[in-house]
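Trainee: Have a peek at target-v7.txt (compact mmCIF, C-alpha atoms and all ligand atoms).
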# COMPACT_ATOMS: atom_id res chain seq x y z
CA MET A 237 0.00 0.00 0.00
CA LYS A 238 1.27 3.47 -0.81
CA PRO A 239 -0.11 6.53 0.94
CA LEU A 240 -2.21 9.09 -0.88
CA GLY A 241 -1.59 12.80 -0.63
CA PRO A 242 -3.80 14.80 1.75
CA ILE A 243 -7.21 15.86 0.41
CA PRO A 244 -7.40 19.64 0.86
CA ALA A 245 -9.50 20.56 3.90
CA GLY A 246 -13.12 21.51 3.37
CA PHE A 247 -14.29 19.09 0.70
CA GLU A 248 -17.61 17.76 1.90
CA THR A 249 -19.93 14.88 1.17
CA LEU A 250 -23.33 15.33 -0.48
CA ASP A 251 -25.57 12.25 -0.80
CA GLY A 252 -22.50 10.08 -0.29
CA GLU A 253 -20.58 11.85 -3.05
CA LEU A 254 -17.80 14.39 -3.17
CA SER A 255 -19.32 17.84 -3.38
CA ILE A 256 -17.62 20.74 -5.15
CA GLY A 257 -19.17 24.18 -4.87
CA GLY A 258 -22.22 22.59 -3.25
CA ARG A 259 -22.80 20.18 -6.17
CA SER A 260 -22.30 16.42 -6.22
CA ALA A 261 -19.60 15.02 -8.50
CA SER A 262 -22.07 13.06 -10.62
CA SER A 263 -24.34 16.06 -11.16
CA LEU A 264 -21.33 18.09 -12.30
CA VAL A 265 -20.36 15.38 -14.77
CA GLU A 266 -23.95 15.25 -15.99
CA GLU A 267 -23.97 18.99 -16.57
CA ALA A 268 -20.61 18.93 -18.34
CA GLY A 269 -21.81 16.06 -20.50
CA ARG A 270 -18.60 14.09 -20.32
CA THR A 271 -15.48 13.15 -18.47
CA PRO A 272 -12.61 13.85 -18.01
CA LEU A 273 -13.60 17.08 -16.37
CA PHE A 274 -11.82 19.76 -14.36
CA VAL A 275 -14.08 21.48 -11.85
CA TYR A 276 -12.88 24.70 -10.21
CA SER A 277 -14.68 26.14 -7.22
CA ARG A 278 -15.37 29.87 -6.93
CA ASP A 279 -15.91 29.54 -3.18
CA ARG A 280 -12.49 28.04 -2.72
CA LEU A 281 -10.85 30.77 -4.80
CA ASP A 282 -12.64 33.41 -2.75
CA ALA A 283 -11.70 31.72 0.52
CA ARG A 284 -8.04 31.44 -0.38
CA ILE A 285 -7.74 35.10 -1.28
CA ALA A 286 -9.62 36.09 1.87
CA GLU A 287 -7.16 34.06 3.99
CA LEU A 288 -4.24 35.73 2.28
CA ARG A 289 -5.66 39.22 2.68
CA ALA A 290 -6.26 38.53 6.37
CA ALA A 291 -2.69 37.31 6.89
CA LEU A 292 -0.73 39.80 4.80
CA PRO A 293 -0.19 43.48 5.46
CA GLU A 294 -2.46 45.68 3.34
CA ARG A 295 0.56 47.23 1.68
CA ILE A 296 1.32 43.98 -0.16
CA GLY A 297 -0.68 43.39 -3.30
CA ILE A 298 -1.47 39.96 -4.70
CA ASN A 299 -0.79 39.20 -8.36
CA TYR A 300 -2.08 36.09 -10.02
CA ALA A 301 0.27 34.21 -12.37
CA ILE A 302 -2.15 33.20 -15.12
CA LYS A 303 0.06 30.29 -16.18
CA ALA A 304 -1.18 28.32 -13.17
CA ASN A 305 -4.71 28.21 -14.59
CA PRO A 306 -5.58 30.12 -17.75
CA PHE A 307 -9.20 28.90 -17.98
CA ALA A 308 -10.94 32.14 -19.01
CA PRO A 309 -13.77 31.99 -16.42
CA VAL A 310 -11.15 31.44 -13.68
CA VAL A 311 -9.09 34.41 -14.88
CA GLU A 312 -12.24 36.56 -15.05
CA HIS A 313 -13.16 35.54 -11.53
CA MET A 314 -9.65 36.23 -10.25
CA ALA A 315 -9.90 39.75 -11.70
CA LYS A 316 -12.43 40.52 -8.96
CA LEU A 317 -10.08 39.25 -6.26
CA VAL A 318 -6.47 40.18 -7.02
CA ASP A 319 -4.48 43.34 -7.66
CA GLY A 320 -2.59 42.34 -10.78
CA PHE A 321 -1.64 39.57 -13.17
CA ASP A 322 1.51 38.00 -14.54
CA ILE A 323 1.45 36.68 -18.08
CA ALA A 324 4.12 34.53 -19.69
CA SER A 325 3.41 34.67 -23.42
CA GLY A 326 1.65 36.45 -26.24
CA GLY A 327 -1.07 33.82 -25.92
CA GLU A 328 -1.69 34.74 -22.29
CA LEU A 329 -1.69 38.40 -23.33
CA GLU A 330 -4.47 37.68 -25.81
CA LEU A 331 -6.38 35.84 -23.10
CA ALA A 332 -5.89 38.76 -20.69
CA GLN A 333 -7.21 41.15 -23.33
CA SER A 334 -10.12 38.93 -24.26
CA VAL A 335 -11.40 38.80 -20.68
CA GLY A 336 -10.96 42.55 -20.31
CA LEU A 337 -8.17 42.72 -17.71
CA ASP A 338 -6.80 46.16 -16.92
CA MET A 339 -3.51 46.15 -18.84
CA ALA A 340 -1.97 48.62 -16.39
CA LYS A 341 -2.08 45.78 -13.86
CA VAL A 342 -0.48 43.17 -16.09
CA SER A 343 3.21 42.29 -16.23
CA PHE A 344 4.90 39.98 -18.69
CA ALA A 345 7.78 37.74 -17.53
CA GLY A 346 9.48 34.91 -19.34
CA PRO A 347 12.71 34.41 -21.24
CA GLY A 348 12.59 34.34 -25.02
CA LYS A 349 9.89 36.90 -25.68
CA ARG A 350 9.55 37.23 -29.46
CA ASP A 351 9.49 40.64 -31.15
CA GLU A 352 5.78 40.26 -31.94
CA GLU A 353 5.07 39.50 -28.29
CA LEU A 354 7.09 42.50 -27.12
CA MET A 355 5.28 44.75 -29.57
CA ALA A 356 1.85 43.46 -28.58
CA ALA A 357 2.70 44.00 -24.91
CA ILE A 358 4.08 47.51 -25.51
CA ARG A 359 1.00 48.45 -27.55
CA ALA A 360 -1.26 47.12 -24.80
CA GLY A 361 0.57 49.03 -22.05
CA VAL A 362 1.69 45.90 -20.23
CA THR A 363 4.81 46.08 -18.03
CA LEU A 364 7.66 44.01 -19.39
CA ASN A 365 9.61 42.15 -16.74
CA SER A 366 12.69 42.11 -18.94
CA GLU A 367 14.86 39.06 -18.63
CA SER A 368 18.11 40.17 -20.29
CA ALA A 369 20.13 43.09 -21.63
CA GLY A 370 19.28 41.93 -25.14
CA GLU A 371 15.57 41.89 -24.42
CA VAL A 372 15.75 45.43 -23.03
CA ASP A 373 17.51 46.62 -26.20
CA ARG A 374 14.93 44.95 -28.41
CA ALA A 375 12.05 46.37 -26.36
CA LEU A 376 13.49 49.91 -26.52
CA GLY A 377 14.08 49.60 -30.27
CA LEU A 378 10.61 48.21 -30.96
CA ALA A 379 8.97 50.87 -28.79
CA GLU A 380 10.80 53.60 -30.67
CA TRP A 381 9.69 52.08 -33.96
CA LEU A 382 6.10 51.96 -32.66
CA GLY A 383 6.39 55.51 -31.35
CA MET A 384 5.34 54.38 -27.89
CA THR A 385 6.76 54.59 -24.37
CA PRO A 386 7.35 51.08 -23.05
CA ARG A 387 6.82 50.20 -19.40
CA ILE A 388 9.87 48.28 -18.28
CA ALA A 389 10.83 46.50 -15.07
CA LEU A 390 13.85 44.26 -14.76
CA ARG A 391 13.63 40.69 -13.63
CA VAL A 392 16.61 40.06 -11.37
CA ASN A 393 18.47 36.79 -11.15
CA PRO A 394 19.43 37.01 -7.49
CA SER A 395 22.46 35.30 -6.04
CA PHE A 396 20.21 33.50 -3.54
CA GLU A 397 17.51 30.91 -4.07
CA LEU A 398 14.29 29.93 -2.35
CA ARG A 399 15.38 27.06 -0.11
CA GLY A 400 13.34 23.89 -0.42
CA SER A 401 11.40 25.06 -3.47
CA GLY A 402 10.26 22.51 -6.02
CA MET A 403 11.59 24.65 -8.85
CA LYS A 404 14.47 27.03 -8.25
CA MET A 405 14.52 30.18 -10.33
CA GLY A 406 17.37 32.09 -8.74
CA GLY A 407 20.90 31.51 -7.47
CA GLY A 408 23.75 30.91 -9.90
CA ALA A 409 23.51 30.64 -13.65
CA LYS A 410 19.91 30.80 -14.83
CA PRO A 411 18.11 31.56 -18.09
CA PHE A 412 15.73 33.75 -16.05
CA GLY A 413 16.35 37.37 -15.18
CA ILE A 414 19.42 39.56 -15.22
CA ASP A 415 22.29 38.71 -12.88
CA GLU A 416 22.03 41.12 -9.97
CA GLU A 417 25.45 42.69 -10.65
CA GLN A 418 24.32 43.75 -14.13
CA VAL A 419 21.02 45.24 -13.01
CA PRO A 420 22.08 48.79 -12.02
CA ALA A 421 23.67 49.65 -15.37
CA ILE A 422 20.77 48.21 -17.37
CA ALA A 423 18.21 49.94 -15.15
CA ARG A 424 19.97 53.29 -15.66
CA LYS A 425 19.89 52.70 -19.39
CA VAL A 426 16.12 52.06 -19.23
CA ILE A 427 15.56 55.22 -17.23
CA GLU A 428 17.78 57.33 -19.50
CA SER A 429 15.96 56.04 -22.58
CA GLY A 430 12.77 57.74 -21.45
CA ALA A 431 10.95 54.43 -20.97
CA GLU A 432 8.56 54.25 -18.03
CA TRP A 433 10.68 52.69 -15.27
CA ARG A 434 8.61 50.12 -13.39
CA GLY A 435 11.14 48.70 -10.93
CA LEU A 436 12.21 45.15 -10.16
CA HIS A 437 10.83 41.63 -10.29
CA ILE A 438 12.58 39.05 -8.11
CA PHE A 439 11.08 35.59 -8.48
CA THR A 440 13.20 32.94 -6.82
CA GLY A 441 11.27 29.70 -6.88
CA SER A 442 8.04 27.81 -6.69
CA GLN A 443 6.26 25.23 -4.50
CA ALA A 444 7.91 25.95 -1.13
CA LEU A 445 6.10 24.72 1.97
CA SER A 446 8.53 26.07 4.56
CA ALA A 447 7.45 29.38 6.06
CA ASP A 448 11.03 29.90 7.30
CA ALA A 449 12.42 29.57 3.80
CA ILE A 450 9.87 31.98 2.38
CA ILE A 451 10.45 34.49 5.18
CA GLU A 452 14.21 34.26 4.71
CA THR A 453 13.84 34.79 0.96
CA GLN A 454 11.53 37.75 1.37
CA GLY A 455 14.12 39.30 3.68
CA ASN A 456 16.78 38.71 1.04
CA VAL A 457 14.54 40.15 -1.68
CA LEU A 458 13.95 43.36 0.28
CA ALA A 459 17.63 43.72 1.12
CA LEU A 460 18.63 43.18 -2.50
CA ALA A 461 16.00 45.64 -3.75
CA ASP A 462 17.22 48.23 -1.26
CA ARG A 463 20.82 47.78 -2.38
CA LEU A 464 19.94 47.83 -6.09
CA ALA A 465 17.75 50.94 -5.70
CA GLY A 466 20.79 52.66 -4.16
CA GLU A 467 23.10 51.52 -6.95
CA ILE A 468 20.59 52.49 -9.64
CA GLY A 469 20.25 55.90 -8.00
CA ALA A 470 16.50 56.12 -8.55
CA PRO A 471 13.53 54.96 -6.52
CA LEU A 472 11.74 51.75 -7.39
CA PRO A 473 8.13 52.47 -8.38
CA LYS A 474 7.35 48.80 -7.87
CA LEU A 475 8.90 45.69 -6.38
CA ASN A 476 7.40 42.35 -7.36
CA MET A 477 8.69 40.09 -4.57
CA GLY A 478 7.83 36.78 -6.25
CA GLY A 479 6.22 34.20 -4.03
CA GLY A 480 6.76 30.49 -4.28
CA PHE A 481 4.00 29.63 -1.77
CA GLY A 482 3.38 25.91 -2.12
CA ILE A 483 0.46 23.56 -1.45
CA PRO A 484 0.62 20.04 0.01
CA TYR A 485 0.42 17.42 -2.72
CA PHE A 486 1.95 14.37 -1.06
CA HIS A 487 1.63 12.30 2.10
CA GLY A 488 3.65 14.01 4.83
CA ASP A 489 3.48 17.49 3.23
CA GLU A 490 2.39 20.10 5.75
CA PRO A 491 0.47 23.18 4.60
CA LEU A 492 2.43 26.42 4.52
CA ASP A 493 2.18 28.32 7.82
CA LEU A 494 0.55 31.39 6.31
CA ALA A 495 0.13 33.09 9.68
CA ALA A 496 3.90 32.94 10.23
CA VAL A 497 4.61 34.32 6.75
CA GLY A 498 2.03 37.07 7.23
CA ALA A 499 3.40 38.05 10.65
CA ALA A 500 6.96 38.25 9.31
CA MET A 501 5.88 40.31 6.32
CA THR A 502 3.92 42.67 8.52
CA GLN A 503 7.06 43.22 10.58
CA LYS A 504 9.22 43.77 7.50
CA VAL A 505 6.79 46.18 5.91
CA ALA A 506 6.71 48.18 9.15
CA SER A 507 10.47 48.71 8.97
CA LEU A 508 11.17 49.14 5.27
CA PRO A 509 14.36 50.94 4.28
CA ASP A 510 13.91 54.53 3.03
CA SER A 511 14.62 53.43 -0.54
CA LEU A 512 11.44 51.33 -0.54
CA ALA A 513 9.24 53.65 1.48
CA GLU A 514 7.18 54.69 -1.54
CA THR A 515 7.54 51.47 -3.52
CA GLU A 516 4.45 49.50 -4.48
CA LEU A 517 4.94 45.93 -3.25
CA CYS A 518 3.33 42.75 -4.50
CA LEU A 519 3.57 38.99 -4.41
CA GLU A 520 3.15 36.89 -7.51
CA LEU A 521 1.37 33.61 -6.83
CA GLY A 522 -0.07 30.88 -8.99
CA ARG A 523 -0.69 27.46 -7.50
CA TYR A 524 -1.31 28.76 -3.99
CA LEU A 525 -4.29 30.73 -5.27
CA VAL A 526 -5.90 28.15 -7.54
CA GLY A 527 -4.32 24.72 -7.00
CA GLU A 528 -6.56 23.45 -4.22
CA ALA A 529 -9.69 24.91 -5.85
CA GLY A 530 -9.63 22.37 -8.65
CA VAL A 531 -10.61 18.71 -8.90
CA TYR A 532 -10.08 16.45 -11.91
CA LEU A 533 -12.90 13.94 -12.41
CA THR A 534 -12.41 10.92 -14.59
CA ARG A 535 -14.60 7.87 -15.19
CA ILE A 536 -13.57 4.26 -14.63
CA VAL A 537 -13.90 2.47 -17.97
CA ASP A 538 -12.38 -0.85 -16.98
CA ARG A 539 -11.57 -2.83 -13.87
CA LYS A 540 -9.10 -5.62 -14.39
CA GLU A 541 -6.79 -7.98 -12.55
CA SER A 542 -3.27 -8.75 -13.64
CA HIS A 543 -1.07 -11.13 -11.65
CA GLY A 544 -3.00 -10.32 -8.48
CA THR A 545 -3.01 -6.55 -8.99
CA THR A 546 -6.27 -4.64 -9.47
CA TYR A 547 -6.24 -1.86 -12.04
CA LEU A 548 -8.91 0.80 -12.31
CA VAL A 549 -8.52 2.07 -15.85
CA THR A 550 -9.93 5.58 -16.31
CA ASP A 551 -10.78 7.75 -19.29
CA GLY A 552 -8.32 10.40 -18.05
CA GLY A 553 -4.62 10.36 -17.43
CA LEU A 554 -1.29 12.07 -17.79
CA HIS A 555 -2.44 14.01 -20.85
CA HIS A 556 -4.40 16.19 -18.37
CA GLN A 557 -2.54 15.37 -15.16
CA LEU A 558 1.12 15.23 -16.03
CA ALA A 559 2.23 16.28 -12.56
CA ALA A 560 -0.04 13.79 -10.76
CA SER A 561 1.32 11.03 -12.97
CA GLY A 562 4.79 11.87 -11.65
CA ASN A 563 6.23 13.02 -14.94
CA PHE A 564 6.54 16.77 -14.38
CA GLY A 565 9.67 17.55 -12.42
CA THR A 566 9.53 14.79 -9.81
CA VAL A 567 12.33 12.32 -9.20
CA VAL A 568 10.37 9.73 -7.23
CA ARG A 569 6.72 9.25 -8.12
CA ARG A 570 4.33 9.76 -5.20
CA ASN A 571 0.55 9.76 -5.09
CA TYR A 572 -1.49 12.94 -5.29
CA PRO A 573 -4.67 12.98 -3.19
CA VAL A 574 -7.16 10.74 -4.97
CA ALA A 575 -10.66 9.48 -4.04
CA ILE A 576 -13.62 7.65 -5.52
CA ALA A 577 -15.77 10.73 -6.05
CA ASN A 578 -19.20 9.09 -6.01
CA ARG A 579 -18.32 6.95 -2.95
CA PHE A 580 -16.69 9.74 -0.99
CA ASP A 581 -18.11 8.59 2.34
CA ALA A 582 -17.26 4.88 1.86
CA GLN A 583 -14.47 3.20 3.78
CA PRO A 584 -11.33 2.11 1.92
CA GLU A 585 -11.37 -1.65 1.43
CA GLU A 586 -8.93 -2.61 -1.30
CA GLU A 587 -5.56 -1.81 -2.78
CA VAL A 588 -5.75 -0.66 -6.39
CA TYR A 589 -3.69 0.95 -9.11
CA VAL A 590 -5.52 3.80 -10.84
CA VAL A 591 -4.22 4.33 -14.35
CA GLY A 592 -5.09 6.48 -17.33
CA CYS A 593 -6.17 5.42 -20.79
CA LEU A 594 -2.85 6.05 -22.51
CA CYS A 595 -0.82 3.11 -23.72
CA THR A 596 2.26 3.92 -21.66
CA PRO A 597 3.41 2.69 -18.25
CA LEU A 598 3.93 6.37 -17.33
CA ASP A 599 0.18 6.94 -17.20
CA ARG A 600 -0.45 6.40 -13.49
CA LEU A 601 -2.85 8.37 -11.32
CA ALA A 602 -2.46 6.38 -8.08
CA ASP A 603 -0.20 3.46 -7.20
CA GLY A 604 -1.14 0.92 -4.54
CA ALA A 605 -3.91 3.17 -3.25
CA HIS A 606 -6.23 2.10 -0.44
CA LEU A 607 -9.67 3.05 -1.77
CA PRO A 608 -13.32 2.03 -1.45
CA ARG A 609 -14.44 -0.66 -3.87
CA ALA A 610 -15.01 0.96 -7.28
CA ASP A 611 -16.36 -0.33 -10.56
CA VAL A 612 -16.83 0.66 -14.15
CA GLY A 613 -18.83 3.91 -14.31
CA ASP A 614 -17.58 5.24 -10.97
CA PHE A 615 -15.62 8.50 -10.87
CA VAL A 616 -12.08 9.00 -9.66
CA ALA A 617 -11.26 12.45 -8.29
CA VAL A 618 -7.72 13.78 -8.37
CA PHE A 619 -7.38 16.77 -6.03
CA CYS A 620 -4.98 19.72 -6.19
CA ALA A 621 -5.85 19.90 -9.88
CA GLY A 622 -6.51 23.63 -10.11
CA ALA A 623 -2.97 24.57 -11.13
CA TYR A 624 -0.76 23.25 -13.91
CA GLY A 625 -3.26 20.54 -14.86
CA ALA A 626 -5.18 21.24 -18.04
CA SER A 627 -2.66 23.75 -19.35
CA ALA A 628 0.57 22.01 -18.38
CA SER A 629 -0.18 18.53 -19.70
CA PRO A 630 0.18 17.12 -23.22
CA SER A 631 -3.53 16.88 -24.09
CA ALA A 632 -2.86 16.15 -27.76
CA PHE A 633 -0.87 13.00 -26.89
CA LEU A 634 -2.35 9.93 -28.58
CA GLY A 635 -5.14 12.04 -30.02
CA GLN A 636 -6.98 12.27 -26.71
CA GLY A 637 -7.69 16.00 -26.70
CA PRO A 638 -8.39 18.38 -23.85
CA ALA A 639 -10.62 17.73 -20.85
CA GLU A 640 -13.82 19.63 -20.19
CA GLU A 641 -13.45 22.48 -17.69
CA MET A 642 -16.01 24.30 -15.56
CA LEU A 643 -16.08 26.89 -12.81
CA VAL A 644 -18.83 26.40 -10.25
N1 LIG B 1 5.89 33.79 -11.78
C1 LIG B 1 6.92 33.28 -12.47
C2 LIG B 1 7.86 34.19 -13.14
C3 LIG B 1 7.08 31.89 -12.55
O1 LIG B 1 8.08 31.38 -13.26
C4 LIG B 1 6.15 31.05 -11.87
C5 LIG B 1 6.28 29.59 -11.92
O2 LIG B 1 7.11 28.99 -12.51
C6 LIG B 1 5.10 31.63 -11.18
C7 LIG B 1 5.00 33.00 -11.15
C8 LIG B 1 4.06 30.84 -10.46
O3 LIG B 1 4.56 29.93 -9.56
P1 LIG B 1 3.58 29.17 -8.57
O4 LIG B 1 2.43 28.70 -9.38
O5 LIG B 1 4.35 28.07 -7.98
O6 LIG B 1 3.12 30.18 -7.56
Let me see the file written as structure tokens.
Ligand code: PLP
Mentor:
Amino acid sequence: MKPLGPIPAGFETLDGELSIGGRSASSLVEEAGRTPLFVYSRDRLDARIAELRAALPERIGINYAIKANPFAPVVEHMAKLVDGFDIASGGELELAQSVGLDMAKVSFAGPGKRDEELMAAIRAGVTLNSESAGEVDRALGLAEWLGMTPRIALRVNPSFELRGSGMKMGGGAKPFGIDEEQVPAIARKVIESGAEWRGLHIFTGSQALSADAIIETQGNVLALADRLAGEIGAPLPKLNMGGGFGIPYFHGDEPLDLAAVGAAMTQKVASLPDSLAETELCLELGRYLVGEAGVYLTRIVDRKESHGTTYLVTDGGLHHQLAASGNFGTVVRRNYPVAIANRFDAQPEEEVYVVGCLCTPLDRLADGAHLPRADVGDFVAVFCAGAYGASASPSAFLGQGPAEEMLV
């Protein structure tokens, strides 16, 4: 038997089934008309932002990194809750425009921005979080050609990293951001060019569950920003402090101690250096905002035994749940939280392997899981599916196509 990850708190039972947004799993599938299906809960999005607002000092804004979940109704809903957005491509820019986001609140990070993407962002009035000296030169040249004033911040590659993060995006050689030593000269060039100087973006990592590590990094970010502002010789209009707040996916993961992070940030904000006194501060979060609000529902299409092992074969799989299958940046595969959605109140009684419908041994949703008895037609729920599920999985693989998505 292998343990399952922890089901996020607050998922309730309705008529014996998992309920999401007050609706039973089977009624959601009926409304969607098919499985596999991602269901995202408005209530859970609202609750998460409310918790954050309560814990963080008012001075710190919350930006949503659209990459975590670009489903248009989710992005539209987030627009009512957050202070800004991070986009990572021309495609996300188009999405942001199509749902009517305020472009003055949008910033664009990501290495390898193409000229067309830079031009579209400059035209739209989006802030470029520029990732290199070359990108700054191209942006300035393109803006001149367009006859427009670009809004430019610099993404810094700091010399420190976010300890314990699942993905490190700072410390040493990185394709992301501008090495901190090079930042002052490039920032001065931006300012002297007449571009609108928007400050610094320091994003150091993702999926950290240790409050201590996040607090330490935020201290380092503020100290670095203070030093760089001095070396640049101009105030920072804005400092995007990154984030990296993680969510528990696996057995033994403990939720981030948000109260501790909030208390430390409140203290730091109360004693900011003079250089940052007037600076607008924000965090940039993705999975922490949306990850636990989403559930992936897939139908069991076959139940079979092989050499004493029971397989529940579903109509979903790694083409929508790459991370849950263990093939997205994990070294050792571990189980995400998984349940039989329409038998949510039943006791576990057997050990099963839940697999997807793809013809590859990589397509695993739960290994050696202790679950209630389930048969063909029952629904398997994979939790923590609100971030990097639908959009970060190879849905075209084997001609399967995307899952259905709904916000309830
Ligand atoms: N911002 C940037 C620049 C990123 O690279 C990432 C993730 O890779 C994020 C935000 C979102 O990270 P997370 O979803 O872990 O909060």
Trainee: To one decimal place, how far is atom CA of Val612 of chain A from atom CA of Ser629 of chain A in Å?
Mentor: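 That distance, rounded to one decimal, is 25.0 Å.
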Trainee: Please return as a ChimeraX atom specification every residue within 10 Å of (-19.7, 24.9, -16.0), taking into account only C-alpha atoms and the file's own coordinates.
Mentor: /A:264-265,267-268,273-276,309,640-644
Trainee: Given the point (-8.6, 33.0, 1.4) in the coordinates of this file, which residues lie within 12 Å, counting all atoms listed in the file, and how would they look as a list of chain:residue names?
Mentor: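 All residues meeting the 12 Å criterion around (-8.6, 33.0, 1.4) are A:Arg278, A:Asp279, A:Arg280, A:Leu281, A:Asp282, A:Ala283, A:Arg284, A:Ile285, A:Ala286, A:Glu287, A:Leu288, A:Arg289, A:Ala290, A:Ala291, A:Leu292, A:Ile298, A:Leu317, A:Val318, A:Leu494, A:Tyr524, A:Leu525, A:Val526, A:Glu528, A:Ala529.
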Trainee: Show which residues sit within 6 Å of Asp322 of chain A, as a PyMOL selection string. Count only C-alpha atoms, and ignore same-chain residues fewer than 6 positions away.
Mentor: chain A and resi 301+342-344
Trainee: Enumerate as a ChimeraX atom specification the residues within 9 Å of ligand LIG 1 (chain B), counting only C-alpha atoms and all ligand atoms.
Mentor: /A:299-305,322-324,344-346,365,391,401-405,412,437-444,478-483,520-527,623-624
Trainee: Can you tell me which residues surround Asp538 of chain A at a distance of at most 9 Å, considering only C-alpha atoms, apart from same-chain residues fewer than 2 positions away, and format the answer as a VMD selection string?
Mentor: chain A and resid 536 540 547 to 550 611 to 613
Trainee: Using C-alpha atoms, can you write the selected residues to a file as an mmCIF file, in the frame of the given file?
Mentor:
data_model
loop_
_atom_site.group_PDB
_atom_site.id
_atom_site.type_symbol
_atom_site.label_atom_id
_atom_site.label_comp_id
_atom_site.auth_asym_id
_atom_site.auth_seq_id
_atom_site.Cartn_x
_atom_site.Cartn_y
_atom_site.Cartn_z
ATOM 1 C CA ILE A 536 -13.570 4.260 -14.630
ATOM 2 C CA LYS A 540 -9.100 -5.620 -14.390
ATOM 3 C CA TYR A 547 -6.240 -1.860 -12.040
ATOM 4 C CA LEU A 548 -8.910 0.800 -12.310
ATOM 5 C CA VAL A 549 -8.520 2.070 -15.850
ATOM 6 C CA THR A 550 -9.930 5.580 -16.310
ATOM 7 C CA ASP A 611 -16.360 -0.330 -10.560
ATOM 8 C CA VAL A 612 -16.830 0.660 -14.150
ATOM 9 C CA GLY A 613 -18.830 3.910 -14.310
#
Trainee: What is the distance, in Å and to one decimal place, between atom CA of Lys425 of chain A and atom CA of Asp373 of chain A?
Mentor: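 Rounded to one decimal, the two atoms are 9.4 Å apart.
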Trainee: What's around Ala389 of chain A at 6 Å? Count only C-alpha atoms, leave out sequence neighbours fewer than 6 positions away in its own chain, and write the answer as a ChimeraX atom specification.
Mentor: /A:364-365,434-436
Trainee: Calculate how many Å separate atom CA of Ser325 of chain A from atom CA of Arg350 of chain A, rounding to one decimal.
Mentor: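 Spanning atom CA of Ser325 of chain A to atom CA of Arg350 of chain A is a straight-line distance of 9.0 Å.
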Trainee: Would you pick out the contacts of Leu472 of chain A at 9 Å or less, using all atoms listed in the file, so that residues sharing its chain but fewer than 3 positions from it are not included, and give the list as a ChimeraX atom specification?
Mentor: /A:433-436,461-462,465,475,511-512,514-516
Trainee: Please produce a file of those selected residues containing C-alpha atoms, as a PDB file, keeping the file's coordinate frame.
Mentor:
ATOM      1  CA  TRP A 433      10.680  52.690 -15.270  1.00  0.00           C
ATOM      2  CA  ARG A 434       8.610  50.120 -13.390  1.00  0.00           C
ATOM      3  CA  GLY A 435      11.140  48.700 -10.930  1.00  0.00           C
ATOM      4  CA  LEU A 436      12.210  45.150 -10.160  1.00  0.00           C
ATOM      5  CA  ALA A 461      16.000  45.640  -3.750  1.00  0.00           C
ATOM      6  CA  ASP A 462      17.220  48.230  -1.260  1.00  0.00           C
ATOM      7  CA  ALA A 465      17.750  50.940  -5.700  1.00  0.00           C
ATOM      8  CA  LEU A 475       8.900  45.690  -6.380  1.00  0.00           C
ATOM      9  CA  SER A 511      14.620  53.430  -0.540  1.00  0.00           C
ATOM     10  CA  LEU A 512      11.440  51.330  -0.540  1.00  0.00           C
ATOM     11  CA  GLU A 514       7.180  54.690  -1.540  1.00  0.00           C
ATOM     12  CA  THR A 515       7.540  51.470  -3.520  1.00  0.00           C
ATOM     13  CA  GLU A 516       4.450  49.500  -4.480  1.00  0.00           C
TER      14      GLU A 516
END
Trainee: Return the single residue from A:Gly246, A:Pro394, A:Gly413, A:Gly469 that is closest to Ser366 of chain A, with distances computed using all atoms listed in the file.
Mentor: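 The shortest atom-to-atom distance to Ser366 of chain A comes from A:Gly413.
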Trainee: Looking at A:Ala575, A:Ile451, A:Val568, A:Leu390, which one is nearest to Pro242 of chain A, with distances taken over all atoms listed in the file?
Mentor: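 Of the candidates, the smallest distance to Pro242 of chain A is held by A:Ala575.
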Trainee: Which neighbours of segment 252-255 of chain A fall inside 9 Å, counting all atoms listed in the file, when residues of the same chain fewer than 4 positions from it are skipped, and could you give them as a list in words?
Mentor: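 Contacts, with the query itself left out: Phe247, Glu248, Arg259, Ser260, Ala261, Ser262, Ala575, Ile576, Ala577, Asn578, Arg579, Phe580, Asp581, Ala582 and Ala617 of chain A.
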Trainee: I'd like to know which of A:Ala632, A:Leu337, A:Met477, A:Val497 is closest to Gly320 of chain A, using all atoms listed in the file.
Mentor: A:Leu337
Trainee: Tell me which of A:Asp603, A:Glu352, A:Glu380, A:Glu371 sits closest to Pro573 of chain A, counting only C-alpha atoms.
Mentor: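 That would be A:Asp603, the residue with the smallest distance to Pro573 of chain A.
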Trainee: How big is the axis-aligned box, and where does its centre sit, when it encloses all atoms of segment 320-338 of chain A listed in the file and has 5 Å added on every side, reported in Å to one decimal as AutoDock Vina command-line options?
Mentor:
--center_x -3.6 --center_y 40.0 --center_z -18.5 --size_x 25.5 --size_y 22.3 --size_z 25.5
